$ cat my_file.cif   # mmCIF, C-alpha atoms
data_model
loop_
_atom_site.label_atom_id
_atom_site.label_comp_id
_atom_site.auth_asym_id
_atom_site.auth_seq_id
_atom_site.Cartn_x
_atom_site.Cartn_y
_atom_site.Cartn_z
CA MET A 1 171.86 69.92 -57.62
CA LEU A 2 168.12 69.88 -57.07
CA ALA A 3 166.12 68.05 -59.69
CA GLU A 4 164.22 70.42 -61.96
CA ASN A 5 160.63 71.10 -60.80
CA LYS A 6 161.07 68.58 -57.97
CA MET A 7 161.70 69.84 -54.50
CA PRO A 8 161.92 67.23 -51.76
CA VAL A 9 159.23 65.92 -49.46
CA VAL A 10 160.65 64.87 -46.09
CA VAL A 11 158.97 62.74 -43.42
CA VAL A 12 160.16 63.06 -39.82
CA VAL A 13 159.31 60.18 -37.48
CA GLY A 14 160.14 59.39 -33.88
CA ALA A 15 162.37 56.31 -33.89
CA GLN A 16 161.63 55.26 -30.29
CA TRP A 17 158.57 55.48 -28.00
CA GLY A 18 157.99 59.19 -28.60
CA ASP A 19 159.46 62.25 -26.86
CA GLU A 20 162.59 62.07 -29.03
CA GLY A 21 162.80 65.79 -29.75
CA LYS A 22 160.85 65.89 -33.01
CA GLY A 23 159.69 69.44 -32.35
CA LYS A 24 163.22 70.80 -32.30
CA VAL A 25 164.30 68.92 -35.43
CA VAL A 26 161.16 69.91 -37.33
CA ASP A 27 161.77 73.52 -36.31
CA LEU A 28 165.31 73.34 -37.70
CA LEU A 29 164.16 71.76 -40.95
CA THR A 30 161.47 74.38 -41.45
CA GLU A 31 164.22 76.80 -42.38
CA GLN A 32 163.90 75.09 -45.78
CA ALA A 33 160.28 73.88 -45.57
CA HIS A 34 157.34 75.83 -46.95
CA ILE A 35 154.68 73.55 -45.44
CA VAL A 36 154.68 71.39 -42.28
CA ALA A 37 151.92 68.79 -41.92
CA ARG A 38 150.93 66.53 -39.04
CA TRP A 39 149.21 63.33 -39.96
CA GLY A 40 148.08 61.39 -36.88
CA GLY A 41 147.31 61.52 -33.19
CA GLY A 42 145.87 64.50 -31.40
CA ALA A 43 146.42 66.59 -28.30
CA ASN A 44 148.31 63.69 -26.69
CA ALA A 45 151.39 64.91 -28.54
CA GLY A 46 153.63 67.53 -26.96
CA HIS A 47 156.43 69.08 -28.98
CA THR A 48 158.79 71.55 -27.31
CA ILE A 49 160.74 74.18 -29.25
CA VAL A 50 163.22 76.66 -27.75
CA VAL A 51 163.96 79.78 -29.82
CA GLU A 52 166.23 82.51 -28.44
CA GLY A 53 165.56 81.31 -24.92
CA LYS A 54 161.78 81.28 -25.39
CA LYS A 55 159.97 77.97 -24.97
CA TYR A 56 157.01 76.98 -27.14
CA VAL A 57 154.94 73.83 -26.57
CA THR A 58 152.53 72.60 -29.22
CA HIS A 59 149.97 69.81 -28.90
CA LEU A 60 148.07 70.04 -32.19
CA VAL A 61 149.61 72.77 -34.34
CA PRO A 62 152.77 71.53 -36.14
CA SER A 63 156.17 72.66 -34.90
CA GLY A 64 156.61 74.80 -38.02
CA VAL A 65 154.36 77.38 -36.36
CA VAL A 66 157.34 79.30 -34.94
CA ARG A 67 158.69 79.98 -38.45
CA PRO A 68 156.68 82.93 -39.85
CA GLY A 69 155.49 82.24 -43.37
CA THR A 70 155.44 78.47 -42.97
CA ALA A 71 152.01 76.94 -43.60
CA CYS A 72 150.90 74.43 -40.95
CA VAL A 73 148.55 71.56 -41.84
CA LEU A 74 146.46 69.32 -39.58
CA GLY A 75 145.81 66.23 -41.70
CA ASP A 76 142.81 64.00 -42.32
CA GLY A 77 144.03 61.25 -40.00
CA MET A 78 144.25 63.40 -36.90
CA VAL A 79 141.77 63.55 -34.02
CA ILE A 80 141.33 67.15 -32.95
CA ASP A 81 140.09 68.53 -29.66
CA PRO A 82 138.49 71.84 -30.71
CA LYS A 83 138.98 73.37 -27.27
CA THR A 84 142.74 72.71 -27.39
CA LEU A 85 142.98 73.89 -30.99
CA VAL A 86 141.22 77.17 -30.21
CA GLU A 87 143.50 77.72 -27.20
CA GLU A 88 146.60 77.14 -29.34
CA ILE A 89 145.41 79.41 -32.14
CA ARG A 90 144.75 82.23 -29.68
CA ALA A 91 148.03 81.68 -27.83
CA PHE A 92 150.16 81.71 -30.97
CA ARG A 93 148.33 84.70 -32.42
CA SER A 94 148.96 86.62 -29.21
CA GLN A 95 152.68 86.03 -29.86
CA GLY A 96 152.49 87.31 -33.44
CA LEU A 97 152.36 83.85 -35.03
CA LEU A 98 149.64 82.42 -37.31
CA SER A 99 148.98 86.02 -38.29
CA ARG A 100 147.25 85.01 -41.54
CA ASP A 101 144.38 82.55 -41.88
CA SER A 102 146.37 80.82 -44.62
CA ASP A 103 149.13 79.97 -42.11
CA LEU A 104 146.98 77.10 -40.79
CA ILE A 105 144.88 74.59 -42.74
CA VAL A 106 142.76 72.12 -40.77
CA SER A 107 141.30 69.08 -42.50
CA GLY A 108 137.52 68.98 -42.57
CA ARG A 109 137.84 65.17 -42.52
CA ALA A 110 139.74 65.00 -39.23
CA HIS A 111 137.70 63.61 -36.35
CA VAL A 112 136.62 65.56 -33.30
CA THR A 113 137.49 64.70 -29.71
CA CYS A 114 134.59 65.46 -27.37
CA PRO A 115 134.57 65.80 -23.56
CA TYR A 116 133.03 62.35 -23.17
CA HIS A 117 135.96 60.83 -25.07
CA ARG A 118 138.26 62.28 -22.44
CA ASP A 119 135.96 60.97 -19.70
CA LEU A 120 136.09 57.45 -21.16
CA ASP A 121 139.87 57.60 -21.38
CA ARG A 122 140.25 58.83 -17.79
CA LEU A 123 137.83 56.31 -16.31
CA ARG A 124 139.43 53.38 -18.13
CA GLU A 125 142.88 54.43 -16.98
CA GLY A 126 141.68 54.24 -13.39
CA ARG A 127 140.88 50.54 -13.73
CA PRO A 128 143.07 47.40 -13.85
CA GLY A 129 144.85 46.81 -17.15
CA ALA A 130 145.50 50.51 -17.84
CA ILE A 131 147.61 51.31 -20.90
CA GLY A 132 149.12 54.46 -19.44
CA THR A 133 147.59 56.94 -21.89
CA THR A 134 147.69 60.72 -21.65
CA GLN A 135 143.93 60.62 -20.87
CA ARG A 136 143.29 63.13 -23.67
CA GLY A 137 140.56 61.00 -25.26
CA ILE A 138 142.60 59.92 -28.26
CA GLY A 139 141.80 56.20 -28.22
CA PRO A 140 138.04 56.67 -27.66
CA THR A 141 137.93 59.22 -30.51
CA TYR A 142 139.55 56.73 -32.87
CA GLU A 143 137.07 54.13 -31.64
CA SER A 144 134.22 56.43 -32.67
CA LYS A 145 135.90 56.93 -36.03
CA ALA A 146 136.31 53.18 -36.60
CA SER A 147 132.70 52.52 -35.59
CA ARG A 148 131.59 55.12 -38.16
CA THR A 149 129.68 57.06 -35.54
CA GLY A 150 132.26 59.83 -35.12
CA VAL A 151 132.02 63.58 -35.57
CA ARG A 152 134.33 65.34 -38.03
CA ILE A 153 135.69 68.88 -38.15
CA GLY A 154 133.52 69.65 -41.17
CA ASP A 155 130.42 68.81 -39.10
CA LEU A 156 131.19 71.75 -36.79
CA LEU A 157 130.39 74.10 -39.66
CA ARG A 158 126.93 72.61 -40.29
CA SER A 159 124.82 72.87 -37.15
CA GLU A 160 122.04 70.45 -38.14
CA ARG A 161 124.52 67.77 -39.13
CA LEU A 162 126.58 68.41 -36.01
CA ARG A 163 123.54 67.83 -33.78
CA ARG A 164 122.61 64.66 -35.67
CA ASN A 165 126.11 63.22 -35.53
CA LEU A 166 126.72 64.18 -31.91
CA GLU A 167 123.43 62.53 -30.95
CA ARG A 168 124.45 59.36 -32.80
CA ASN A 169 127.92 59.32 -31.26
CA ILE A 170 126.61 59.92 -27.73
CA ALA A 171 124.21 57.01 -28.16
CA TYR A 172 127.17 54.83 -29.19
CA VAL A 173 129.36 55.71 -26.18
CA ALA A 174 126.58 56.04 -23.57
CA PRO A 175 126.57 52.37 -22.43
CA ALA A 176 130.31 52.48 -21.76
CA LEU A 177 130.03 55.78 -19.91
CA VAL A 178 127.21 54.51 -17.70
CA LYS A 179 129.06 51.27 -16.99
CA LEU A 180 132.10 53.25 -15.85
CA GLY A 181 129.98 55.46 -13.60
CA SER A 182 129.78 58.58 -15.73
CA SER A 183 126.71 60.55 -16.78
CA ILE A 184 125.39 60.84 -20.33
CA PRO A 185 126.46 64.15 -21.94
CA ASP A 186 124.02 67.02 -22.31
CA LEU A 187 123.58 67.39 -26.08
CA ASP A 188 122.34 70.99 -25.97
CA ALA A 189 125.23 72.17 -23.79
CA LEU A 190 127.71 70.38 -26.04
CA MET A 191 126.18 71.93 -29.14
CA GLN A 192 126.49 75.41 -27.68
CA GLU A 193 130.12 74.86 -26.68
CA TYR A 194 131.22 73.33 -29.97
CA LEU A 195 129.41 75.82 -32.20
CA GLY A 196 131.41 78.48 -30.35
CA TYR A 197 134.66 76.73 -31.23
CA ALA A 198 133.45 76.36 -34.81
CA GLU A 199 133.39 80.12 -35.34
CA VAL A 200 137.06 80.36 -34.39
CA ILE A 201 138.11 77.33 -36.44
CA ARG A 202 135.96 78.07 -39.54
CA PRO A 203 138.51 80.24 -41.44
CA PHE A 204 141.13 77.48 -41.25
CA VAL A 205 139.10 74.46 -42.43
CA GLY A 206 139.94 73.12 -45.87
CA ASP A 207 140.79 70.16 -48.11
CA THR A 208 144.28 69.42 -46.82
CA SER A 209 144.86 66.42 -49.11
CA ARG A 210 144.33 68.51 -52.23
CA PHE A 211 146.33 71.41 -50.79
CA LEU A 212 149.31 69.16 -50.08
CA HIS A 213 149.07 67.51 -53.51
CA GLU A 214 149.07 70.89 -55.24
CA GLN A 215 151.96 72.21 -53.16
CA ILE A 216 154.07 69.13 -53.89
CA LYS A 217 153.22 69.41 -57.59
CA LYS A 218 154.37 73.05 -57.54
CA GLY A 219 157.73 71.93 -56.19
CA ARG A 220 157.32 73.32 -52.70
CA ASN A 221 159.30 71.84 -49.81
CA VAL A 222 156.91 69.83 -47.63
CA LEU A 223 157.75 68.37 -44.23
CA PHE A 224 155.55 65.72 -42.62
CA GLU A 225 155.78 65.71 -38.83
CA GLY A 226 154.99 62.54 -36.90
CA ALA A 227 153.31 62.88 -33.53
CA HIS A 228 154.65 59.81 -31.72
CA GLY A 229 157.33 57.15 -31.97
CA VAL A 230 157.29 54.20 -34.37
CA LEU A 231 157.33 51.78 -31.42
CA LEU A 232 153.88 53.13 -30.47
CA ASP A 233 152.38 52.28 -33.86
CA LEU A 234 148.99 50.58 -33.58
CA ASP A 235 150.00 47.74 -35.91
CA HIS A 236 153.76 47.47 -35.48
CA GLY A 237 154.44 48.77 -31.96
CA THR A 238 154.52 47.13 -28.54
CA TYR A 239 150.80 46.31 -28.60
CA PRO A 240 148.64 46.82 -26.57
CA PHE A 241 150.84 49.53 -25.04
CA VAL A 242 150.63 51.70 -28.14
CA THR A 243 148.78 54.73 -29.46
CA SER A 244 145.68 54.45 -31.65
CA SER A 245 147.06 55.59 -35.00
CA SER A 246 149.77 54.85 -37.54
CA THR A 247 153.09 56.37 -36.47
CA THR A 248 155.34 54.93 -39.20
CA ALA A 249 156.39 57.01 -42.20
CA GLY A 250 153.75 55.23 -44.27
CA GLY A 251 151.12 56.78 -42.02
CA ALA A 252 151.94 60.19 -43.52
CA CYS A 253 150.65 58.98 -46.88
CA ALA A 254 147.55 57.19 -45.64
CA CYS A 255 146.51 59.88 -43.18
CA CYS A 256 147.25 62.96 -45.30
CA GLY A 257 145.96 61.61 -48.59
CA ILE A 258 149.17 61.68 -50.62
CA GLY A 259 150.75 58.89 -52.66
CA PRO A 260 153.85 57.07 -51.35
CA THR A 261 155.81 58.06 -54.47
CA SER A 262 155.64 61.66 -53.22
CA ILE A 263 158.01 60.93 -50.32
CA ASP A 264 161.68 61.60 -51.02
CA THR A 265 163.33 60.73 -47.71
CA VAL A 266 162.61 59.81 -44.09
CA VAL A 267 164.48 61.19 -41.06
CA GLY A 268 164.30 59.29 -37.78
CA ILE A 269 164.64 61.19 -34.51
CA VAL A 270 166.34 59.28 -31.71
CA LYS A 271 167.61 60.30 -28.30
CA ALA A 272 171.15 59.35 -27.32
CA TYR A 273 169.45 57.13 -24.73
CA SER A 274 165.93 55.69 -24.43
CA THR A 275 162.77 56.86 -22.67
CA ARG A 276 159.22 55.65 -22.40
CA VAL A 277 156.04 57.07 -20.81
CA GLY A 278 153.26 54.87 -19.50
CA ASN A 279 153.13 51.10 -19.25
CA GLY A 280 154.62 48.46 -21.50
CA PRO A 281 157.88 46.54 -21.96
CA PHE A 282 161.13 48.51 -21.87
CA PRO A 283 164.14 46.16 -22.09
CA THR A 284 166.89 48.70 -21.30
CA GLU A 285 165.07 50.54 -18.49
CA LEU A 286 167.35 51.65 -15.65
CA LEU A 287 165.77 51.46 -12.21
CA ASP A 288 168.83 52.84 -10.45
CA LYS A 289 170.70 56.09 -9.88
CA THR A 290 171.84 56.23 -13.50
CA GLY A 291 168.21 56.12 -14.64
CA GLU A 292 167.34 58.85 -12.16
CA ARG A 293 170.28 60.92 -13.39
CA LEU A 294 169.15 60.64 -17.01
CA ARG A 295 165.66 61.73 -15.98
CA ASP A 296 166.86 64.69 -13.92
CA VAL A 297 169.54 65.97 -16.30
CA GLY A 298 167.39 65.35 -19.37
CA ARG A 299 164.32 66.90 -17.72
CA GLU A 300 162.39 63.82 -18.73
CA PHE A 301 158.88 64.82 -17.81
CA GLY A 302 156.05 64.73 -20.33
CA SER A 303 155.28 68.08 -21.99
CA THR A 304 151.62 67.03 -22.24
CA THR A 305 151.05 65.31 -18.87
CA GLY A 306 154.08 66.19 -16.76
CA ARG A 307 154.56 62.50 -15.96
CA PRO A 308 158.14 61.34 -15.27
CA ARG A 309 159.53 59.30 -18.15
CA ARG A 310 161.16 55.93 -17.70
CA CYS A 311 164.80 56.10 -18.79
CA GLY A 312 167.35 53.58 -20.04
CA TRP A 313 170.27 52.96 -22.37
CA LEU A 314 169.92 53.29 -26.14
CA ASP A 315 168.29 50.16 -27.59
CA ILE A 316 169.85 49.22 -30.95
CA PRO A 317 167.54 46.21 -31.69
CA ALA A 318 164.53 48.50 -31.24
CA LEU A 319 166.14 51.16 -33.41
CA ARG A 320 166.85 48.62 -36.15
CA LEU A 321 163.14 47.73 -36.16
CA THR A 322 161.98 51.34 -36.46
CA ILE A 323 164.48 52.00 -39.26
CA ARG A 324 163.13 49.03 -41.19
CA LEU A 325 159.47 49.82 -40.58
CA SER A 326 159.75 53.44 -41.70
CA GLY A 327 162.53 53.28 -44.28
CA ILE A 328 164.61 55.74 -42.26
CA GLU A 329 167.56 57.04 -44.28
CA SER A 330 169.19 59.37 -41.74
CA LEU A 331 169.07 59.94 -37.99
CA ALA A 332 168.78 63.11 -35.94
CA ILE A 333 170.37 62.24 -32.61
CA THR A 334 169.18 64.46 -29.76
CA LYS A 335 170.14 65.10 -26.13
CA LEU A 336 173.71 63.87 -26.45
CA ASP A 337 174.64 66.38 -23.74
CA VAL A 338 172.56 64.46 -21.17
CA LEU A 339 175.28 61.78 -21.23
CA ASP A 340 177.96 64.34 -20.26
CA GLY A 341 180.05 63.28 -17.29
CA LEU A 342 179.10 59.60 -17.20
CA PRO A 343 182.23 57.46 -16.68
CA GLU A 344 180.93 54.85 -19.12
CA ILE A 345 177.98 54.48 -21.46
CA LYS A 346 176.26 51.28 -22.43
CA LEU A 347 174.65 50.37 -25.73
CA CYS A 348 172.18 47.50 -25.99
CA VAL A 349 173.46 45.79 -29.16
CA ALA A 350 171.31 42.63 -29.05
CA TYR A 351 168.83 40.66 -26.94
CA ARG A 352 169.28 37.20 -25.51
CA LEU A 353 166.13 35.04 -25.48
CA ASN A 354 166.12 31.35 -24.56
CA GLY A 355 169.82 31.11 -25.29
CA LYS A 356 169.55 32.77 -28.72
CA LEU A 357 170.76 36.22 -29.76
CA LEU A 358 168.25 38.54 -31.44
CA ASP A 359 169.41 41.53 -33.47
CA GLU A 360 165.93 43.11 -33.69
CA MET A 361 163.05 43.63 -31.29
CA PRO A 362 160.79 40.52 -31.30
CA LEU A 363 157.13 40.76 -32.34
CA ASP A 364 155.60 38.80 -29.46
CA PRO A 365 155.04 40.91 -26.31
CA ASP A 366 155.82 38.01 -23.97
CA ASP A 367 159.12 37.47 -25.76
CA LEU A 368 159.95 41.15 -25.41
CA LEU A 369 159.26 40.98 -21.68
CA ALA A 370 161.56 37.97 -21.37
CA VAL A 371 164.57 39.27 -23.33
CA GLU A 372 167.87 40.02 -21.64
CA PRO A 373 169.71 43.04 -23.09
CA VAL A 374 173.24 42.38 -24.33
CA TYR A 375 175.35 45.46 -23.64
CA GLU A 376 178.50 46.90 -25.12
CA THR A 377 180.32 49.38 -22.87
CA LEU A 378 181.92 52.52 -24.26
CA PRO A 379 183.96 55.17 -22.45
CA GLY A 380 182.15 58.31 -21.37
CA TRP A 381 183.39 61.87 -21.70
CA PRO A 382 183.84 64.78 -19.26
CA GLY A 383 181.00 67.15 -18.57
CA ARG A 384 180.96 70.04 -20.99
CA SER A 385 178.63 73.00 -21.32
CA PRO A 386 176.48 72.91 -24.49
CA GLN A 387 177.48 76.52 -25.16
CA ALA A 388 181.12 75.43 -25.34
CA VAL A 389 180.47 73.11 -28.28
CA PRO A 390 181.05 74.84 -31.63
CA ALA A 391 178.01 74.73 -33.90
CA GLY A 392 180.29 73.46 -36.63
CA LYS A 393 181.36 69.84 -36.99
CA VAL A 394 180.73 66.61 -35.14
CA GLU A 395 184.52 66.28 -34.95
CA ASP A 396 184.51 69.25 -32.56
CA LEU A 397 182.74 67.14 -29.94
CA PRO A 398 184.72 65.16 -27.36
CA ALA A 399 186.47 62.18 -28.94
CA ALA A 400 184.50 59.66 -26.86
CA ALA A 401 181.22 61.28 -27.96
CA CYS A 402 182.34 60.99 -31.60
CA ARG A 403 183.12 57.29 -31.09
CA TYR A 404 179.67 56.79 -29.52
CA LEU A 405 177.94 58.38 -32.51
CA ALA A 406 180.07 56.42 -34.96
CA ARG A 407 179.26 53.16 -33.19
CA ILE A 408 175.52 53.85 -33.37
CA ALA A 409 175.77 54.53 -37.11
CA GLU A 410 177.85 51.38 -37.60
CA LEU A 411 175.38 49.18 -35.72
CA VAL A 412 172.24 50.38 -37.53
CA GLY A 413 173.74 51.22 -40.93
CA VAL A 414 172.30 54.75 -40.95
CA ALA A 415 174.30 57.95 -40.55
CA PRO A 416 173.22 61.06 -38.61
CA SER A 417 171.92 64.17 -40.33
CA PHE A 418 171.82 66.20 -37.09
CA VAL A 419 173.41 65.90 -33.67
CA SER A 420 171.85 67.93 -30.87
CA TRP A 421 173.77 68.95 -27.76
CA GLY A 422 171.11 71.04 -26.04
CA PRO A 423 167.53 72.35 -26.44
CA ALA A 424 168.17 75.55 -28.41
CA ARG A 425 168.37 75.91 -32.20
CA SER A 426 172.01 76.94 -31.90
CA GLU A 427 172.89 73.79 -29.96
CA THR A 428 172.61 71.54 -32.98
CA ILE A 429 175.30 70.36 -35.37
CA PRO A 430 174.02 69.79 -38.94
CA VAL A 431 175.77 66.90 -40.64
CA SER A 432 173.68 66.84 -43.82
CA ASN A 433 170.56 68.58 -45.07
CA PRO A 434 167.75 66.09 -45.79
CA PHE A 435 166.08 68.53 -48.17
CA LEU A 436 169.19 68.93 -50.28
CA VAL A 437 170.10 65.26 -50.15
CA ALA A 438 166.56 64.20 -51.04
CA GLY A 439 166.36 66.61 -53.93
CA ALA A 440 169.70 65.73 -55.48
CA GLY A 441 169.36 64.75 -59.08
#

$ encode --input "my_file.cif" --output "structure tokens"
Amino acid sequence: MLAENKMPVVVVVGAQWGDEGKGKVVDLLTEQAHIVARWGGGANAGHTIVVEGKKYVTHLVPSGVVRPGTACVLGDGMVIDPKTLVEEIRAFRSQGLLSRDSDLIVSGRAHVTCPYHRDLDRLREGRPGAIGTTQRGIGPTYESKASRTGVRIGDLLRSERLRRNLERNIAYVAPALVKLGSSIPDLDALMQEYLGYAEVIRPFVGDTSRFLHEQIKKGRNVLFEGAHGVLLDLDHGTYPFVTSSSTTAGGACACCGIGPTSIDTVVGIVKAYSTRVGNGPFPTELLDKTGERLRDVGREFGSTTGRPRRCGWLDIPALRLTIRLSGIESLAITKLDVLDGLPEIKLCVAYRLNGKLLDEMPLDPDDLLAVEPVYETLPGWPGRSPQAVPAGKVEDLPAAACRYLARIAELVGVAPSFVSWGPARSETIPVSNPFLVAGAG
């Protein structure tokens, strides 16, 4: 039974390099959640949700937006492009969502992405040593934040302070812009544009840290939605090919202003195979017809950029690392149907490096580039339409698929809470409910 006056707080993180299907899992969990909060990143995220055949893509607003009555929070640690936010607010409202101002709370402490941040990102990506970013200005915005010259959402509501802080921030980035061949932004034009966005955003701006604290204290179900995968974490990921924020479960606390003792459980989202966008090491990448098949069948193209994703077999050493870094207690395994029809499926169960076996992804990037994946081969299963799979039990899946899932759980020591066999809500098999499990007392 649920502990008295204590409803659970659940953190959902991507357990790979992003694009794991967090949007769908968050949407499913919001059936029990009252509040969904994002804590890091910005418009570089792209979460896709399919409801009754209708596709929704969010970049800033949490995936809980498609559940009427669920409050959506953009946390302090985010970097927010006001133009994108205004576009999303208008788009969702035109579909009957976010009908009340209280349905969305935007932190006044979150930092603002400006057009020149996007310019910096784009120009850097066109030079040698590119990271492979989405070119949405995320890294440069975090740079402005770290240099303490940034502009925050709350500044948009105070015109004199906005002008002062924009002027300071432009002065900070101007040398880099000029060096890369760009012009210095027109302050007056920028002021006019951003004051326009401010009038749309104004009703939603608030103290999200206090709001979340009060909701948790009241015993409301709160779901924290990660924007990227743990392997892209600025401190613990495959640096320098990472994002510019904290993507581990601990980032939810630091970036939303809640204490770690508030978190009840962590769910890790993982595809039944691996993908990565952009540059960086990828030990199990398949540069053959199987990799192309995974990409085509899985429709592995970025929802933010449209870029084709690199595809490979599921990487257990990498998954062990993400489970340890985020304290993941259950897994939501997505896109199992993409493996339909393969005669055999491989699992990377270890790495070989200089004659030694490694059971977890190494810290040094040169070591990661040098590892040789050690594979275990499992039998595949016949192709089967997602609609033909009962939305009941995992045991209803093909026997070989059940053995594959069981082997994953055995190797990482964490059981699944969901198994997804297609993009729609109905194409998901619930194994356990993280809210109920977390709240058991």

$ closest_residue --input "my_file.cif" --among "A:Ile138, A:Val230, A:Leu347, A:Cys256" --to "Thr322 of chain A" --atoms "all atoms listed in the file"
A:Val230

$ resolve_selection --input "my_file.cif" --expression "the PyMOL selection byres ((chain A and resi 107) around 10)" --output "list in words"
Val73, Leu74, Gly75, Asp76, Gly77, Met78, Ile80, Leu104, Ile105, Val106, Gly108, Arg109, Ala110, His111, Arg152, Ile153, Gly154, Phe204, Val205, Gly206, Asp207, Thr208, Ser209, Phe211 and Cys256 of chain A

$ write_last_selection --input "my_file.cif" --atoms "C-alpha atoms" --output "tab-separated table (two decimals), in the frame of the given file"
chain	number	residue	atom	x	y	z
A	73	VAL	CA	148.55	71.56	-41.84
A	74	LEU	CA	146.46	69.32	-39.58
A	75	GLY	CA	145.81	66.23	-41.70
A	76	ASP	CA	142.81	64.00	-42.32
A	77	GLY	CA	144.03	61.25	-40.00
A	78	MET	CA	144.25	63.40	-36.90
A	80	ILE	CA	141.33	67.15	-32.95
A	104	LEU	CA	146.98	77.10	-40.79
A	105	ILE	CA	144.88	74.59	-42.74
A	106	VAL	CA	142.76	72.12	-40.77
A	108	GLY	CA	137.52	68.98	-42.57
A	109	ARG	CA	137.84	65.17	-42.52
A	110	ALA	CA	139.74	65.00	-39.23
A	111	HIS	CA	137.70	63.61	-36.35
A	152	ARG	CA	134.33	65.34	-38.03
A	153	ILE	CA	135.69	68.88	-38.15
A	154	GLY	CA	133.52	69.65	-41.17
A	204	PHE	CA	141.13	77.48	-41.25
A	205	VAL	CA	139.10	74.46	-42.43
A	206	GLY	CA	139.94	73.12	-45.87
A	207	ASP	CA	140.79	70.16	-48.11
A	208	THR	CA	144.28	69.42	-46.82
A	209	SER	CA	144.86	66.42	-49.11
A	211	PHE	CA	146.33	71.41	-50.79
A	256	CYS	CA	147.25	62.96	-45.30

$ closest_residue --input "my_file.cif" --among "A:Gly196, A:Gly40, A:Gly137, A:Gly298" --to "Val86 of chain A" --atoms "all atoms listed in the file"
A:Gly196

$ residues_around --input "my_file.cif" --residues "Cys72 of chain A" --least-positions-apart "6" --cutoff "7 Å" --atoms "all atoms listed in the file" --output "ChimeraX atom specification"
/A:35-37,61-62,64-65,103-105

$ resolve_selection --input "my_file.cif" --expression "the PyMOL selection byres ((chain A and resi 429) around 8)" --output "list in words"
Ala391, Gly392, Lys393, Val394, Phe418, Val419, Ser420, Trp421, Glu427, Thr428, Pro430 and Val431 of chain A

$ build_atoms --input "my_file.cif" --residues "segment 343-347 of chain A" --atoms "all heavy atoms" --output "tab-separated table (two decimals), in the coordinates of the input"
chain	number	residue	atom	x	y	z
A	343	PRO	N	180.93	58.12	-16.49
A	343	PRO	CA	182.23	57.46	-16.68
A	343	PRO	C	182.21	56.45	-17.82
A	343	PRO	O	183.23	56.24	-18.49
A	343	PRO	CB	182.50	56.79	-15.33
A	343	PRO	CG	181.15	56.67	-14.68
A	343	PRO	CD	180.36	57.84	-15.17
A	344	GLU	N	181.08	55.79	-18.01
A	344	GLU	CA	180.93	54.85	-19.12
A	344	GLU	C	179.48	54.87	-19.59
A	344	GLU	O	178.57	55.25	-18.86
A	344	GLU	CB	181.34	53.44	-18.72
A	344	GLU	CG	180.54	52.85	-17.58
A	344	GLU	CD	181.01	51.45	-17.19
A	344	GLU	OE1	182.22	51.16	-17.34
A	344	GLU	OE2	180.17	50.65	-16.74
A	345	ILE	N	179.31	54.48	-20.84
A	345	ILE	CA	177.98	54.48	-21.46
A	345	ILE	C	177.76	53.11	-22.09
A	345	ILE	O	178.65	52.56	-22.73
A	345	ILE	CB	177.88	55.59	-22.53
A	345	ILE	CG1	178.06	56.96	-21.87
A	345	ILE	CG2	176.54	55.52	-23.27
A	345	ILE	CD1	178.29	58.07	-22.86
A	346	LYS	N	176.56	52.60	-21.88
A	346	LYS	CA	176.26	51.28	-22.43
A	346	LYS	C	175.32	51.40	-23.62
A	346	LYS	O	174.43	52.26	-23.65
A	346	LYS	CB	175.65	50.38	-21.36
A	346	LYS	CG	176.64	50.01	-20.25
A	346	LYS	CD	176.03	49.00	-19.28
A	346	LYS	CE	177.05	48.61	-18.21
A	346	LYS	NZ	176.50	47.61	-17.27
A	347	LEU	N	175.52	50.51	-24.58
A	347	LEU	CA	174.65	50.37	-25.73
A	347	LEU	C	174.09	48.96	-25.73
A	347	LEU	O	174.86	47.99	-25.65
A	347	LEU	CB	175.43	50.58	-27.04
A	347	LEU	CG	175.52	51.97	-27.64
A	347	LEU	CD1	176.46	51.94	-28.83
A	347	LEU	CD2	174.16	52.46	-28.07
